[in-house]
Amino acid sequence: MLRFDDLQLFVRAADLGSLSAAARVMDLSAAVASAALKRIEQQLGARLLARSTRSLRLTAEGEGFLEYARAALSNLDEGRRLLASGQDQVSGILQLSAPSDFGRNLLLPWLDEFQREHPRLTVRLLLGDRIADLFRQPVDIALRYGEPEDSSLVALPVAPENRRVLCAAPSYLARCGAPRHLEQLAQHNCLLYMLGSRVHDHWSFHDGKREVSLTVSGDRFSDDADVVRLWALAGAGIAYKSWLDVSADVLAGRLQVVMPELRCERAPLNLLCAHRAQLSKPVKLLRDMLASRCAGITAQYPGKSPFDQ
């Protein structure tokens, strides 16, 4: 097979009328240039250049082959430019999985804007709170709360400072009163989230002096985190939710933070993928956009206190 650099040398030598001049332009030694010309002539089975000590000219075979050599080099350059332009563009299919609550209420409008900026990108979005099997399901990346249990996954932080927050609708607090101490949660209807067969009824906090964990109870639980948020909005009880998921409701007054002086559990949001090769340009741009948007939300977290350092 003809080598790209051998073709370049032949064309340069033909243009300059000198093999040594072509070698200098390509930063080659005279011996390497001579070997390259000999190699291409042997592969073609024809003499391309007639050389003497003072001059160089194209043979008849060389004149005929020169046109094709130029066309081949031109096509290769065009192919390189096409690949380079494709790498600069954000296109293709982006397949991702996201938690139900975060996905519906934050990610969807953000993805709309992301696709308006990159109209050649197609998005396939799976919403659900079960951990996506990144090795089997048709998903490139997954957004998930908490530290990944599978150490073989690549995890990139999106919102490392995100925390949970106790919250309830003003109507519920007006009806049932707001707890002032953690122990009083036992007297309240706590809205519970379930993943698989596990009910997340063990809530942990830091009260400024010690870590406190307690088991709570309530009259309803769901495997859809967004349902828990909707129950809280309807005044059904107290929820222990990611700040990212309820920040808009709190800031709009639809939900109220309960005992904001508490430091609640961390709920870092990470972008997960099976291999670093999946960190394409669209994925990296999406992660940067998400990290920026989430940082603006976590900066408004109400639980800032002297011990939350």
# chains A, B, ... in the order shown; residues from 1 in each chain; ligands from 1
>>> select_by_dssp(residues="region 36-218 of chain A", states="helix (DSSP H, G or I)", output="short mmCIF file (atom, residue, chain, number, x, y, z; two decimals) with all heavy atoms, in the first residue's frame")
data_model
loop_
_atom_site.label_atom_id
_atom_site.label_comp_id
_atom_site.auth_asym_id
_atom_site.auth_seq_id
_atom_site.Cartn_x
_atom_site.Cartn_y
_atom_site.Cartn_z
N ALA A 36 12.38 6.86 0.22
CA ALA A 36 10.93 6.97 0.02
C ALA A 36 10.57 6.94 -1.46
O ALA A 36 9.61 6.28 -1.87
CB ALA A 36 10.41 8.26 0.66
N LEU A 37 11.36 7.66 -2.28
CA LEU A 37 11.09 7.66 -3.72
C LEU A 37 11.31 6.26 -4.31
O LEU A 37 10.52 5.79 -5.14
CB LEU A 37 11.98 8.68 -4.41
CG LEU A 37 11.76 8.82 -5.92
CD1 LEU A 37 10.32 9.21 -6.23
CD2 LEU A 37 12.72 9.84 -6.51
N LYS A 38 12.37 5.61 -3.86
CA LYS A 38 12.63 4.26 -4.35
C LYS A 38 11.50 3.32 -3.96
O LYS A 38 11.08 2.47 -4.75
CB LYS A 38 13.96 3.76 -3.78
CG LYS A 38 14.34 2.36 -4.27
CD LYS A 38 15.66 1.90 -3.66
CE LYS A 38 16.81 2.74 -4.20
NZ LYS A 38 18.12 2.21 -3.74
N ARG A 39 10.97 3.49 -2.74
CA ARG A 39 9.90 2.63 -2.26
C ARG A 39 8.63 2.78 -3.11
O ARG A 39 8.01 1.79 -3.49
CB ARG A 39 9.60 2.96 -0.79
CG ARG A 39 8.55 2.09 -0.16
CD ARG A 39 8.52 2.24 1.37
NE ARG A 39 8.45 3.63 1.79
CZ ARG A 39 9.41 4.22 2.51
NH1 ARG A 39 10.51 3.56 2.86
NH2 ARG A 39 9.30 5.48 2.88
N ILE A 40 8.24 4.01 -3.40
CA ILE A 40 7.01 4.22 -4.17
C ILE A 40 7.18 3.73 -5.61
O ILE A 40 6.25 3.18 -6.21
CB ILE A 40 6.58 5.71 -4.10
CG1 ILE A 40 5.14 5.86 -4.61
CG2 ILE A 40 7.49 6.60 -4.90
CD1 ILE A 40 4.58 7.25 -4.40
N GLU A 41 8.38 3.89 -6.17
CA GLU A 41 8.62 3.40 -7.53
C GLU A 41 8.59 1.88 -7.58
O GLU A 41 8.07 1.28 -8.54
CB GLU A 41 9.96 3.93 -8.05
CG GLU A 41 9.93 5.42 -8.37
CD GLU A 41 11.25 5.95 -8.87
OE1 GLU A 41 12.31 5.37 -8.50
OE2 GLU A 41 11.25 6.95 -9.62
N GLN A 42 9.11 1.25 -6.54
CA GLN A 42 9.08 -0.22 -6.49
C GLN A 42 7.65 -0.72 -6.36
O GLN A 42 7.26 -1.72 -6.98
CB GLN A 42 9.93 -0.71 -5.32
CG GLN A 42 11.42 -0.59 -5.55
CD GLN A 42 12.24 -1.02 -4.35
OE1 GLN A 42 11.72 -1.12 -3.22
NE2 GLN A 42 13.53 -1.27 -4.57
N GLN A 43 6.84 -0.02 -5.52
CA GLN A 43 5.46 -0.45 -5.34
C GLN A 43 4.63 -0.28 -6.61
O GLN A 43 3.73 -1.07 -6.89
CB GLN A 43 4.81 0.33 -4.18
CG GLN A 43 5.35 -0.08 -2.81
CD GLN A 43 4.79 0.76 -1.69
OE1 GLN A 43 4.66 1.98 -1.82
NE2 GLN A 43 4.45 0.12 -0.57
N LEU A 44 4.95 0.75 -7.39
CA LEU A 44 4.20 1.02 -8.62
C LEU A 44 4.78 0.25 -9.81
O LEU A 44 4.11 0.09 -10.85
CB LEU A 44 4.21 2.51 -8.94
CG LEU A 44 3.41 3.39 -7.98
CD1 LEU A 44 3.66 4.87 -8.29
CD2 LEU A 44 1.92 3.09 -8.08
N ALA A 60 7.56 9.95 -18.31
CA ALA A 60 6.21 9.90 -18.86
C ALA A 60 5.26 9.23 -17.87
O ALA A 60 4.12 9.68 -17.68
CB ALA A 60 6.21 9.14 -20.20
N GLU A 61 5.75 8.15 -17.23
CA GLU A 61 4.92 7.48 -16.22
C GLU A 61 4.68 8.41 -15.03
O GLU A 61 3.59 8.47 -14.46
CB GLU A 61 5.59 6.20 -15.74
CG GLU A 61 5.68 5.10 -16.76
CD GLU A 61 6.91 5.24 -17.65
OE1 GLU A 61 7.61 6.27 -17.54
OE2 GLU A 61 7.15 4.34 -18.48
N GLY A 62 5.71 9.18 -14.66
CA GLY A 62 5.56 10.11 -13.55
C GLY A 62 4.56 11.20 -13.84
O GLY A 62 3.77 11.59 -12.96
N GLU A 63 4.56 11.73 -15.08
CA GLU A 63 3.59 12.76 -15.45
C GLU A 63 2.17 12.22 -15.38
O GLU A 63 1.25 12.91 -14.93
CB GLU A 63 3.90 13.27 -16.86
CG GLU A 63 5.15 14.12 -16.95
CD GLU A 63 5.38 14.62 -18.37
OE1 GLU A 63 4.59 14.24 -19.26
OE2 GLU A 63 6.33 15.40 -18.57
N GLY A 64 2.00 10.98 -15.82
CA GLY A 64 0.65 10.39 -15.76
C GLY A 64 0.20 10.12 -14.34
O GLY A 64 -0.98 10.32 -13.99
N PHE A 65 1.14 9.71 -13.48
CA PHE A 65 0.76 9.37 -12.11
C PHE A 65 0.58 10.62 -11.24
O PHE A 65 -0.18 10.60 -10.26
CB PHE A 65 1.84 8.47 -11.49
CG PHE A 65 1.54 8.04 -10.08
CD1 PHE A 65 0.50 7.16 -9.80
CD2 PHE A 65 2.29 8.54 -9.02
CE1 PHE A 65 0.22 6.77 -8.49
CE2 PHE A 65 2.01 8.16 -7.72
CZ PHE A 65 0.97 7.28 -7.45
N LEU A 66 1.26 11.72 -11.59
CA LEU A 66 1.22 12.92 -10.75
C LEU A 66 -0.21 13.42 -10.55
O LEU A 66 -0.58 13.84 -9.45
CB LEU A 66 2.08 14.02 -11.39
CG LEU A 66 2.15 15.35 -10.62
CD1 LEU A 66 2.74 15.15 -9.22
CD2 LEU A 66 2.98 16.37 -11.42
N GLU A 67 -1.03 13.39 -11.58
CA GLU A 67 -2.42 13.87 -11.47
C GLU A 67 -3.20 13.07 -10.43
O GLU A 67 -3.94 13.63 -9.63
CB GLU A 67 -3.09 13.75 -12.84
CG GLU A 67 -4.57 14.16 -12.83
CD GLU A 67 -5.23 13.94 -14.18
OE1 GLU A 67 -4.51 13.66 -15.17
OE2 GLU A 67 -6.47 14.05 -14.24
N TYR A 68 -2.98 11.75 -10.45
CA TYR A 68 -3.69 10.91 -9.49
C TYR A 68 -3.15 11.08 -8.07
O TYR A 68 -3.89 11.02 -7.09
CB TYR A 68 -3.59 9.44 -9.92
CG TYR A 68 -4.32 9.16 -11.21
CD1 TYR A 68 -3.61 9.11 -12.41
CD2 TYR A 68 -5.69 8.97 -11.24
CE1 TYR A 68 -4.27 8.86 -13.62
CE2 TYR A 68 -6.37 8.73 -12.43
CZ TYR A 68 -5.65 8.68 -13.61
OH TYR A 68 -6.31 8.45 -14.78
N ALA A 69 -1.86 11.31 -7.95
CA ALA A 69 -1.27 11.55 -6.63
C ALA A 69 -1.82 12.83 -6.01
O ALA A 69 -2.15 12.87 -4.82
CB ALA A 69 0.25 11.62 -6.75
N ARG A 70 -1.92 13.89 -6.84
CA ARG A 70 -2.49 15.15 -6.33
C ARG A 70 -3.94 14.93 -5.88
O ARG A 70 -4.36 15.43 -4.84
CB ARG A 70 -2.45 16.21 -7.42
CG ARG A 70 -1.09 16.73 -7.79
CD ARG A 70 -1.25 17.97 -8.67
NE ARG A 70 -0.05 18.31 -9.37
CZ ARG A 70 0.97 18.98 -8.82
NH1 ARG A 70 0.90 19.34 -7.54
NH2 ARG A 70 2.04 19.28 -9.53
N ALA A 71 -4.73 14.22 -6.69
CA ALA A 71 -6.14 13.98 -6.35
C ALA A 71 -6.26 13.18 -5.06
O ALA A 71 -7.12 13.46 -4.22
CB ALA A 71 -6.83 13.25 -7.50
N ALA A 72 -5.38 12.17 -4.88
CA ALA A 72 -5.44 11.35 -3.67
C ALA A 72 -5.12 12.20 -2.44
O ALA A 72 -5.82 12.11 -1.41
CB ALA A 72 -4.45 10.19 -3.78
N LEU A 73 -4.09 13.03 -2.53
CA LEU A 73 -3.73 13.90 -1.39
C LEU A 73 -4.84 14.90 -1.10
O LEU A 73 -5.14 15.19 0.06
CB LEU A 73 -2.42 14.62 -1.68
CG LEU A 73 -1.17 13.73 -1.75
CD1 LEU A 73 0.04 14.55 -2.18
CD2 LEU A 73 -0.92 13.06 -0.41
N SER A 74 -5.45 15.43 -2.17
CA SER A 74 -6.55 16.39 -1.98
C SER A 74 -7.74 15.74 -1.28
O SER A 74 -8.36 16.33 -0.38
CB SER A 74 -6.96 16.97 -3.33
OG SER A 74 -8.07 17.83 -3.19
N ASN A 75 -8.07 14.50 -1.69
CA ASN A 75 -9.18 13.79 -1.06
C ASN A 75 -8.90 13.49 0.41
O ASN A 75 -9.79 13.58 1.25
CB ASN A 75 -9.47 12.50 -1.82
CG ASN A 75 -10.15 12.74 -3.15
OD1 ASN A 75 -10.80 13.76 -3.35
ND2 ASN A 75 -9.98 11.81 -4.09
N LEU A 76 -7.67 13.12 0.70
CA LEU A 76 -7.31 12.85 2.09
C LEU A 76 -7.41 14.11 2.94
O LEU A 76 -7.89 14.08 4.08
CB LEU A 76 -5.90 12.27 2.16
CG LEU A 76 -5.75 10.82 1.69
CD1 LEU A 76 -4.27 10.44 1.60
CD2 LEU A 76 -6.47 9.87 2.65
N ASP A 77 -6.94 15.24 2.39
CA ASP A 77 -7.05 16.51 3.13
C ASP A 77 -8.51 16.88 3.37
O ASP A 77 -8.87 17.37 4.45
CB ASP A 77 -6.36 17.63 2.35
CG ASP A 77 -4.85 17.54 2.44
OD1 ASP A 77 -4.36 16.87 3.36
OD2 ASP A 77 -4.17 18.11 1.57
N GLU A 78 -9.35 16.66 2.36
CA GLU A 78 -10.77 16.96 2.51
C GLU A 78 -11.39 16.07 3.58
O GLU A 78 -12.22 16.52 4.38
CB GLU A 78 -11.48 16.76 1.17
CG GLU A 78 -12.97 17.08 1.19
CD GLU A 78 -13.25 18.53 1.51
OE1 GLU A 78 -12.39 19.38 1.21
OE2 GLU A 78 -14.34 18.81 2.05
N GLY A 79 -10.99 14.79 3.59
CA GLY A 79 -11.49 13.89 4.62
C GLY A 79 -11.08 14.33 6.01
O GLY A 79 -11.86 14.26 6.96
N ARG A 80 -9.85 14.78 6.15
CA ARG A 80 -9.37 15.28 7.44
C ARG A 80 -10.18 16.49 7.89
O ARG A 80 -10.55 16.61 9.06
CB ARG A 80 -7.89 15.64 7.34
CG ARG A 80 -6.95 14.45 7.33
CD ARG A 80 -5.51 14.93 7.21
NE ARG A 80 -4.55 13.85 7.42
CZ ARG A 80 -3.23 13.99 7.33
NH1 ARG A 80 -2.72 15.18 7.03
NH2 ARG A 80 -2.44 12.98 7.53
N ARG A 81 -10.42 17.42 6.96
CA ARG A 81 -11.21 18.61 7.31
C ARG A 81 -12.63 18.24 7.71
O ARG A 81 -13.20 18.83 8.63
CB ARG A 81 -11.24 19.59 6.12
CG ARG A 81 -9.93 20.32 5.88
CD ARG A 81 -10.12 21.49 4.92
NE ARG A 81 -10.47 21.04 3.59
CZ ARG A 81 -9.58 20.73 2.65
NH1 ARG A 81 -8.29 20.82 2.90
NH2 ARG A 81 -9.98 20.34 1.45
N LEU A 82 -13.20 17.24 7.03
CA LEU A 82 -14.55 16.80 7.36
C LEU A 82 -14.61 16.22 8.76
O LEU A 82 -15.52 16.51 9.54
CB LEU A 82 -15.03 15.76 6.33
CG LEU A 82 -16.45 15.22 6.51
CD1 LEU A 82 -17.47 16.35 6.35
CD2 LEU A 82 -16.73 14.12 5.51
N LEU A 83 -13.59 15.39 9.09
CA LEU A 83 -13.55 14.82 10.43
C LEU A 83 -13.37 15.90 11.48
O LEU A 83 -14.00 15.88 12.54
CB LEU A 83 -12.42 13.80 10.53
CG LEU A 83 -12.63 12.46 9.84
CD1 LEU A 83 -11.38 11.59 9.95
CD2 LEU A 83 -13.82 11.72 10.46
N ALA A 84 -12.51 16.87 11.19
CA ALA A 84 -12.26 17.95 12.15
C ALA A 84 -13.51 18.78 12.37
O ALA A 84 -13.85 19.13 13.50
CB ALA A 84 -11.12 18.85 11.65
N SER A 85 -14.25 19.06 11.30
CA SER A 85 -15.48 19.85 11.45
C SER A 85 -16.53 19.05 12.20
O SER A 85 -17.30 19.59 12.99
CB SER A 85 -16.02 20.27 10.09
OG SER A 85 -16.41 19.14 9.32
N GLY A 86 -16.56 17.73 11.98
CA GLY A 86 -17.52 16.89 12.71
C GLY A 86 -17.23 16.85 14.19
O GLY A 86 -18.13 16.81 15.02
N GLN A 87 -15.93 16.87 14.54
CA GLN A 87 -15.56 16.87 15.95
C GLN A 87 -15.91 18.18 16.62
O GLN A 87 -16.14 18.24 17.82
CB GLN A 87 -14.06 16.59 16.08
CG GLN A 87 -13.69 15.15 15.69
CD GLN A 87 -12.20 14.95 15.56
OE1 GLN A 87 -11.42 15.91 15.62
NE2 GLN A 87 -11.79 13.72 15.36
N ASP A 88 -15.93 19.26 15.85
CA ASP A 88 -16.29 20.56 16.41
C ASP A 88 -17.79 20.71 16.62
O ASP A 88 -18.25 21.53 17.40
CB ASP A 88 -15.79 21.70 15.50
CG ASP A 88 -14.28 21.81 15.52
OD1 ASP A 88 -13.68 21.35 16.51
OD2 ASP A 88 -13.71 22.33 14.55
N SER A 100 -36.62 10.45 38.36
CA SER A 100 -37.93 10.93 37.91
C SER A 100 -38.18 12.39 38.26
O SER A 100 -38.59 13.18 37.41
CB SER A 100 -39.03 10.05 38.52
OG SER A 100 -38.98 10.10 39.94
N ASP A 101 -37.93 12.76 39.50
CA ASP A 101 -38.23 14.12 39.95
C ASP A 101 -37.30 15.13 39.27
O ASP A 101 -37.75 16.09 38.64
CB ASP A 101 -38.08 14.19 41.47
CG ASP A 101 -38.83 15.35 42.07
OD1 ASP A 101 -39.14 16.30 41.34
OD2 ASP A 101 -39.11 15.32 43.29
N PHE A 102 -36.00 14.91 39.38
CA PHE A 102 -35.03 15.80 38.75
C PHE A 102 -35.25 15.85 37.24
O PHE A 102 -35.19 16.92 36.62
CB PHE A 102 -33.61 15.32 39.07
CG PHE A 102 -32.53 16.14 38.45
CD1 PHE A 102 -32.06 17.28 39.08
CD2 PHE A 102 -31.96 15.78 37.24
CE1 PHE A 102 -31.05 18.05 38.50
CE2 PHE A 102 -30.96 16.53 36.65
CZ PHE A 102 -30.51 17.67 37.29
N GLY A 103 -35.53 14.70 36.64
CA GLY A 103 -35.69 14.63 35.19
C GLY A 103 -36.87 15.42 34.69
O GLY A 103 -36.76 16.18 33.72
N ARG A 104 -38.03 15.28 35.34
CA ARG A 104 -39.24 15.96 34.86
C ARG A 104 -39.20 17.46 35.11
O ARG A 104 -39.60 18.25 34.25
CB ARG A 104 -40.47 15.38 35.57
CG ARG A 104 -40.81 13.95 35.19
CD ARG A 104 -42.16 13.55 35.75
NE ARG A 104 -42.43 12.14 35.53
CZ ARG A 104 -42.34 11.20 36.46
NH1 ARG A 104 -42.00 11.52 37.69
NH2 ARG A 104 -42.59 9.94 36.16
N ASN A 105 -38.73 17.85 36.28
CA ASN A 105 -38.92 19.24 36.69
C ASN A 105 -37.73 20.16 36.44
O ASN A 105 -37.91 21.38 36.38
CB ASN A 105 -39.28 19.26 38.19
CG ASN A 105 -40.53 18.45 38.47
OD1 ASN A 105 -41.57 18.67 37.85
ND2 ASN A 105 -40.45 17.49 39.37
N LEU A 106 -36.53 19.60 36.29
CA LEU A 106 -35.36 20.43 36.00
C LEU A 106 -34.72 20.07 34.67
O LEU A 106 -34.47 20.92 33.83
CB LEU A 106 -34.33 20.29 37.13
CG LEU A 106 -34.70 20.92 38.48
CD1 LEU A 106 -33.60 20.66 39.50
CD2 LEU A 106 -34.91 22.41 38.34
N LEU A 107 -34.45 18.78 34.49
CA LEU A 107 -33.69 18.36 33.32
C LEU A 107 -34.43 18.62 32.01
O LEU A 107 -33.81 19.03 31.02
CB LEU A 107 -33.34 16.87 33.44
CG LEU A 107 -32.47 16.29 32.33
CD1 LEU A 107 -31.14 17.02 32.26
CD2 LEU A 107 -32.24 14.79 32.55
N LEU A 108 -35.74 18.37 31.97
CA LEU A 108 -36.48 18.54 30.72
C LEU A 108 -36.34 19.93 30.12
O LEU A 108 -35.98 20.07 28.95
CB LEU A 108 -37.95 18.18 30.92
CG LEU A 108 -38.32 16.70 30.86
CD1 LEU A 108 -39.81 16.51 31.08
CD2 LEU A 108 -37.90 16.09 29.53
N PRO A 109 -36.61 21.00 30.86
CA PRO A 109 -36.44 22.33 30.25
C PRO A 109 -34.98 22.64 29.93
O PRO A 109 -34.70 23.34 28.95
CB PRO A 109 -37.00 23.28 31.32
CG PRO A 109 -37.01 22.51 32.59
CD PRO A 109 -37.21 21.09 32.22
N TRP A 110 -34.05 22.12 30.73
CA TRP A 110 -32.64 22.35 30.43
C TRP A 110 -32.24 21.64 29.13
O TRP A 110 -31.47 22.17 28.34
CB TRP A 110 -31.76 21.88 31.59
CG TRP A 110 -31.93 22.68 32.84
CD1 TRP A 110 -32.59 23.87 32.97
CD2 TRP A 110 -31.42 22.37 34.13
NE1 TRP A 110 -32.53 24.32 34.26
CE2 TRP A 110 -31.82 23.42 35.00
CE3 TRP A 110 -30.69 21.32 34.65
CZ2 TRP A 110 -31.49 23.43 36.35
CZ3 TRP A 110 -30.36 21.32 36.01
CH2 TRP A 110 -30.76 22.37 36.85
N LEU A 111 -32.75 20.42 28.94
CA LEU A 111 -32.45 19.69 27.71
C LEU A 111 -33.05 20.39 26.49
O LEU A 111 -32.45 20.38 25.40
CB LEU A 111 -32.98 18.26 27.80
CG LEU A 111 -32.13 17.25 28.56
CD1 LEU A 111 -32.83 15.90 28.59
CD2 LEU A 111 -30.74 17.12 27.96
N ASP A 112 -34.24 20.98 26.67
CA ASP A 112 -34.84 21.74 25.56
C ASP A 112 -33.90 22.85 25.10
O ASP A 112 -33.67 23.04 23.90
CB ASP A 112 -36.18 22.33 25.98
CG ASP A 112 -37.27 21.29 26.12
OD1 ASP A 112 -37.10 20.19 25.56
OD2 ASP A 112 -38.28 21.56 26.78
N GLU A 113 -33.36 23.57 26.05
CA GLU A 113 -32.44 24.66 25.72
C GLU A 113 -31.14 24.11 25.12
O GLU A 113 -30.59 24.68 24.16
CB GLU A 113 -32.14 25.48 26.97
CG GLU A 113 -31.26 26.68 26.71
CD GLU A 113 -31.09 27.55 27.94
OE1 GLU A 113 -31.96 27.49 28.84
OE2 GLU A 113 -30.09 28.29 28.00
N PHE A 114 -30.66 22.99 25.66
CA PHE A 114 -29.43 22.37 25.17
C PHE A 114 -29.59 21.95 23.70
O PHE A 114 -28.69 22.14 22.88
CB PHE A 114 -29.10 21.16 26.04
CG PHE A 114 -27.73 20.57 25.79
CD1 PHE A 114 -26.59 21.26 26.13
CD2 PHE A 114 -27.61 19.30 25.25
CE1 PHE A 114 -25.32 20.71 25.91
CE2 PHE A 114 -26.36 18.74 25.03
CZ PHE A 114 -25.21 19.45 25.37
N GLN A 115 -30.76 21.40 23.36
CA GLN A 115 -30.99 20.99 21.98
C GLN A 115 -31.20 22.17 21.04
O GLN A 115 -30.90 22.08 19.86
CB GLN A 115 -32.17 20.01 21.90
CG GLN A 115 -31.82 18.62 22.42
CD GLN A 115 -32.91 17.62 22.14
OE1 GLN A 115 -33.86 17.48 22.90
NE2 GLN A 115 -32.79 16.90 21.03
N ARG A 116 -31.76 23.26 21.56
CA ARG A 116 -31.86 24.46 20.73
C ARG A 116 -30.47 24.98 20.37
O ARG A 116 -30.24 25.49 19.27
CB ARG A 116 -32.68 25.54 21.44
CG ARG A 116 -34.17 25.29 21.41
CD ARG A 116 -34.95 26.52 21.81
NE ARG A 116 -34.75 26.88 23.21
CZ ARG A 116 -35.47 26.44 24.22
NH1 ARG A 116 -36.46 25.59 23.98
NH2 ARG A 116 -35.22 26.83 25.45
N GLU A 117 -29.53 24.85 21.30
CA GLU A 117 -28.15 25.29 21.03
C GLU A 117 -27.44 24.32 20.10
O GLU A 117 -26.52 24.72 19.36
CB GLU A 117 -27.38 25.40 22.34
CG GLU A 117 -27.88 26.51 23.26
CD GLU A 117 -27.11 26.54 24.57
OE1 GLU A 117 -26.18 25.73 24.73
OE2 GLU A 117 -27.45 27.37 25.43
N PRO A 170 -47.27 24.74 53.43
CA PRO A 170 -47.79 25.62 54.49
C PRO A 170 -49.13 25.13 55.03
O PRO A 170 -49.39 25.27 56.23
CB PRO A 170 -47.92 26.97 53.78
CG PRO A 170 -46.89 26.92 52.69
CD PRO A 170 -46.88 25.50 52.23
N SER A 171 -49.94 24.54 54.19
CA SER A 171 -51.25 24.06 54.65
C SER A 171 -51.10 22.92 55.66
O SER A 171 -51.85 22.85 56.65
CB SER A 171 -52.09 23.58 53.45
OG SER A 171 -51.44 22.52 52.76
N TYR A 172 -50.13 22.04 55.44
CA TYR A 172 -49.91 20.94 56.40
C TYR A 172 -49.39 21.50 57.73
O TYR A 172 -49.84 21.10 58.80
CB TYR A 172 -48.90 19.93 55.83
CG TYR A 172 -48.53 18.86 56.84
CD1 TYR A 172 -49.33 17.73 57.00
CD2 TYR A 172 -47.41 18.99 57.65
CE1 TYR A 172 -49.02 16.76 57.95
CE2 TYR A 172 -47.07 18.03 58.59
CZ TYR A 172 -47.89 16.92 58.73
OH TYR A 172 -47.58 15.97 59.68
N LEU A 173 -48.44 22.42 57.66
CA LEU A 173 -47.87 22.98 58.88
C LEU A 173 -48.90 23.79 59.66
O LEU A 173 -48.91 23.80 60.90
CB LEU A 173 -46.65 23.84 58.54
CG LEU A 173 -45.48 23.08 57.88
CD1 LEU A 173 -44.37 24.06 57.49
CD2 LEU A 173 -44.94 21.99 58.80
N ALA A 174 -49.81 24.45 58.95
CA ALA A 174 -50.87 25.19 59.62
C ALA A 174 -51.84 24.24 60.31
O ALA A 174 -52.36 24.54 61.40
CB ALA A 174 -51.62 26.07 58.61
N ARG A 175 -52.04 23.09 59.71
CA ARG A 175 -53.00 22.12 60.25
C ARG A 175 -52.39 21.28 61.38
O ARG A 175 -53.04 21.00 62.39
CB ARG A 175 -53.47 21.21 59.12
CG ARG A 175 -54.57 20.22 59.53
CD ARG A 175 -55.11 19.47 58.32
NE ARG A 175 -54.16 18.51 57.79
CZ ARG A 175 -53.49 18.65 56.65
NH1 ARG A 175 -53.67 19.75 55.91
NH2 ARG A 175 -52.65 17.74 56.24
N CYS A 176 -51.13 20.89 61.22
CA CYS A 176 -50.52 19.93 62.16
C CYS A 176 -49.41 20.54 63.01
O CYS A 176 -48.90 19.88 63.92
CB CYS A 176 -49.96 18.74 61.39
SG CYS A 176 -51.19 17.85 60.42
N LEU A 182 -36.20 17.15 66.34
CA LEU A 182 -36.25 15.97 65.50
C LEU A 182 -37.16 14.88 66.07
O LEU A 182 -37.85 14.18 65.34
CB LEU A 182 -34.84 15.40 65.31
CG LEU A 182 -33.96 16.15 64.30
CD1 LEU A 182 -32.53 15.61 64.31
CD2 LEU A 182 -34.55 16.05 62.90
N GLU A 183 -37.16 14.76 67.41
CA GLU A 183 -37.98 13.72 68.03
C GLU A 183 -39.47 13.91 67.73
O GLU A 183 -40.24 12.95 67.74
CB GLU A 183 -37.74 13.70 69.54
CG GLU A 183 -36.35 13.23 69.97
CD GLU A 183 -35.25 14.26 69.71
OE1 GLU A 183 -35.60 15.44 69.43
OE2 GLU A 183 -34.07 13.89 69.74
N GLN A 184 -39.85 15.16 67.42
CA GLN A 184 -41.26 15.43 67.13
C GLN A 184 -41.70 14.92 65.76
O GLN A 184 -42.90 14.87 65.48
CB GLN A 184 -41.53 16.94 67.24
CG GLN A 184 -41.39 17.48 68.65
CD GLN A 184 -41.59 18.98 68.72
OE1 GLN A 184 -41.50 19.68 67.70
NE2 GLN A 184 -41.87 19.49 69.91
N LEU A 185 -40.75 14.48 64.93
CA LEU A 185 -41.12 13.90 63.64
C LEU A 185 -41.95 12.63 63.83
O LEU A 185 -42.74 12.26 62.94
CB LEU A 185 -39.87 13.58 62.81
CG LEU A 185 -39.14 14.76 62.17
CD1 LEU A 185 -37.88 14.29 61.47
CD2 LEU A 185 -40.06 15.49 61.18
N ALA A 186 -41.81 11.97 64.99
CA ALA A 186 -42.59 10.77 65.26
C ALA A 186 -44.08 11.08 65.34
O ALA A 186 -44.92 10.19 65.17
CB ALA A 186 -42.11 10.12 66.56
N GLN A 187 -44.42 12.35 65.58
CA GLN A 187 -45.83 12.73 65.69
C GLN A 187 -46.39 13.22 64.34
O GLN A 187 -47.56 13.63 64.29
CB GLN A 187 -45.95 13.86 66.73
CG GLN A 187 -45.39 13.50 68.09
CD GLN A 187 -45.21 14.72 68.98
OE1 GLN A 187 -45.81 15.77 68.75
NE2 GLN A 187 -44.37 14.60 70.01
#
>>> residues_around(residues="Ala22 (chain A)", least_positions_apart="3", cutoff="9 Å", atoms="only C-alpha atoms", output="JSON, numbers by chain")
{"A": [9, 10, 11, 12, 13, 14, 15, 16, 17, 18, 19, 25, 26, 27, 28, 33]}
>>> closest_residue(among="A:Gly296, A:Asn270, A:Met289, A:Leu56", to="Glu149 (chain A)", atoms="only C-alpha atoms")
A:Asn270
>>> closest_residue(among="A:Gly196, A:Gly92, A:Pro268, A:Gly208", to="Val283 (chain A)", atoms="only C-alpha atoms")
A:Gly92
>>> atom_distance(atom1="CA of Cys273 (chain A)", atom2="CA of Glu147 (chain A)")
13.3 Å
>>> select_by_dssp(residues="region 65-292 of chain A", states="strand (DSSP E)", output="MDAnalysis selection string")
chainID A and resid 92:98 121:127 141:145 154:159 164:168 190:195 198:200 202:206 211:215 221:222 238:242 256:257 263:264 269:273
